[in-house]
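Peer 1: Before I ask anything, here is the structure I am working with.
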Amino acid sequence: MKETMAKKGPETLKTNRLIKYTLFACCYLFWVASAILICVGIYAKTAKEGGVVDSLIADPALMLIIVGSLMFIITFFGCFGALRDLTNLLKVFAGILGIILILQITAAVLGFLFSDLVLDRTEQLMGSEIKLYRDDMDLENIIDFVQKKFQCCGVQSYKDWSMNMYFQCEDTNPSLERCGVPFSCCIRRKNEILMIILAAVHICRIMNVQQTRNNNSGGK
């Protein structure tokens with residue numbers, strides 16, 4: 001019996017070390033990634049122009065800071081606990097991960113059961129965000145990405161953009177984008193970008209030729 005346990009002892013020790021350093025390496029990678037998220041979020045927040053929307057959904061910089069901070073704290077427990085063999089920290093780490101898993105499962109089940117309510121809330125949220133288009137560069141980029149990704153225009157139709165003060169289709173609207181829609185509503189053809197580039201190059205050449213002629217005529 002003692003010989004058997006003596007044989008199993010080193011193997012168990014090696015296995016424990018493998019699990020320990022594997023957990024430490026994974027937690028360390030996520031720890032570094034969370035620190036990068038925080039730095040990027042702070043930089044984006046400080047570089048952002050003033051007077052913009054500061055809601056969590058419409059502000060990716062704020063979301064990066066919050067998510068990065070939570071990841072930093074959680075992975076710290078796993079990283080330091082695995083490195084120092086502190087069972088209390090590892091229990092806290094495992095408990096937090098279990099809570100997050102339960103919350104994700106609960107959210108998925110509730111989203112499936114109340115799919116109609118979630119859809120209505122999403123449409124209301126998108127409608128309110130459309131009104132703030134052009135007022136926040138981050139929000140503008142998010143809406144453009146969604147419309148390009150899903151090849152849609154507005155929530156229900158392109159007429160939803162009339163809710164925005166810049167695209168509102170009224171004679172009293174002084175905006176140059178009146179009665180229009182964002183460029184992300186347009187479906188681009190495969191060769192359209194290349195044609196635009198070639199047209200821009202051609203226009204630049206014409207402008208350079210005209211400028212050269214004007215300079216020559218002015219010199220004479």
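We label chains A, B, ... in the order they appear in the structure tokens, count residues from 1 in each chain, and number ligands from 1 in the order shown.
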Within 12 Å of stretch 20-35 of chain A, which residues of stretch 51-134 of chain A show up? Give each one with its shortest atom-to-atom distance in Å (one decimal) and the two atoms involved, counting only C-alpha atoms, rows by chain then rising residue number, as a Markdown table.
Peer 2:
| residue | atom | partner | partner_atom | distance |
| --- | --- | --- | --- | --- |
| A:Leu64 | CA | A:Ser34 | CA | 8.9 |
| A:Ile65 | CA | A:Ser34 | CA | 8.9 |
| A:Ile66 | CA | A:Ser34 | CA | 9.9 |
| A:Val67 | CA | A:Ser34 | CA | 7.8 |
| A:Gly68 | CA | A:Ser34 | CA | 4.5 |
| A:Ser69 | CA | A:Ser34 | CA | 6.8 |
| A:Leu70 | CA | A:Ser34 | CA | 8.2 |
| A:Met71 | CA | A:Ser34 | CA | 5.6 |
| A:Phe72 | CA | A:Ser34 | CA | 5.3 |
| A:Ile73 | CA | A:Trp31 | CA | 8.3 |
| A:Ile74 | CA | A:Trp31 | CA | 8.5 |
| A:Thr75 | CA | A:Cys27 | CA | 5.3 |
| A:Phe76 | CA | A:Trp31 | CA | 6.6 |
| A:Phe77 | CA | A:Cys27 | CA | 8.7 |
| A:Gly78 | CA | A:Cys27 | CA | 6.0 |
| A:Cys79 | CA | A:Phe24 | CA | 4.9 |
| A:Phe80 | CA | A:Phe24 | CA | 7.7 |
| A:Gly81 | CA | A:Phe24 | CA | 8.4 |
| A:Ala82 | CA | A:Phe24 | CA | 5.6 |
| A:Leu83 | CA | A:Phe24 | CA | 6.3 |
| A:Arg84 | CA | A:Lys20 | CA | 9.6 |
| A:Asp85 | CA | A:Lys20 | CA | 8.2 |
| A:Leu86 | CA | A:Lys20 | CA | 11.1 |
| A:Thr87 | CA | A:Lys20 | CA | 11.6 |
| A:Leu90 | CA | A:Leu23 | CA | 10.2 |
| A:Phe93 | CA | A:Cys27 | CA | 10.3 |
| A:Ala94 | CA | A:Leu23 | CA | 11.5 |
Peer 1: Which parts of stretch 69-194 of chain A does DSSP call alpha helix (DSSP H) when run on the backbone here, written out as an MDAnalysis selection string?
Peer 2: chainID A and resid 69:84 87:113 115:131 137:150 192:194
Peer 1: As an exercise, work out the distance from atom CA of A:Phe112 to atom CA of A:Leu62 in Å and give it to one decimal place.
Peer 2: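 Rounded to one decimal, the two atoms are 28.2 Å apart.
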Peer 1: Using atom CA of A:Asp138 and atom CA of A:Asp59 as the two end points, give the distance in Å to one decimal.
Peer 2: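 For atom CA of A:Asp138 relative to atom CA of A:Asp59, the distance reads 6.4 Å.
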Peer 1: Fewer than 2 positions away in the same chain doesn't count, so skip those; otherwise give me all residues within 8 Å of stretch 40-45 of chain A, counting only C-alpha atoms, as a list in words.
Peer 2: Ile36, Leu37, Ile38, Ala47, Lys48, Pro60, Ala61, Leu62, Met63, Leu64 and Ile65 of chain A
Peer 1: Let me make sure I understand: among A:Val155, A:Ile102, A:Met163, A:Cys169, which one has the smallest atom-to-atom distance to A:Cys185 if we use only C-alpha atoms?
Peer 2: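 Comparing A:Val155, A:Ile102, A:Met163, A:Cys169 against A:Cys185, the winner is A:Val155.
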Peer 1: If we count only C-alpha atoms and set the cut-off at 12 Å, which residues sit around A:Gly180, ignoring sequence neighbours fewer than 2 positions away in its own chain? Please answer as JSON, numbers by chain.
Peer 2: {"A": [153, 154, 158, 159, 160, 161, 162, 163, 164, 165, 166, 167, 168, 169, 170, 173, 175, 176, 177, 178, 182, 183, 184, 185, 186]}
Peer 1: So the first atom is atom CA of A:Glu129 and the second is atom CA of A:Lys148; what is the distance between them in Å, to one decimal place?
Peer 2: 16.4 Å
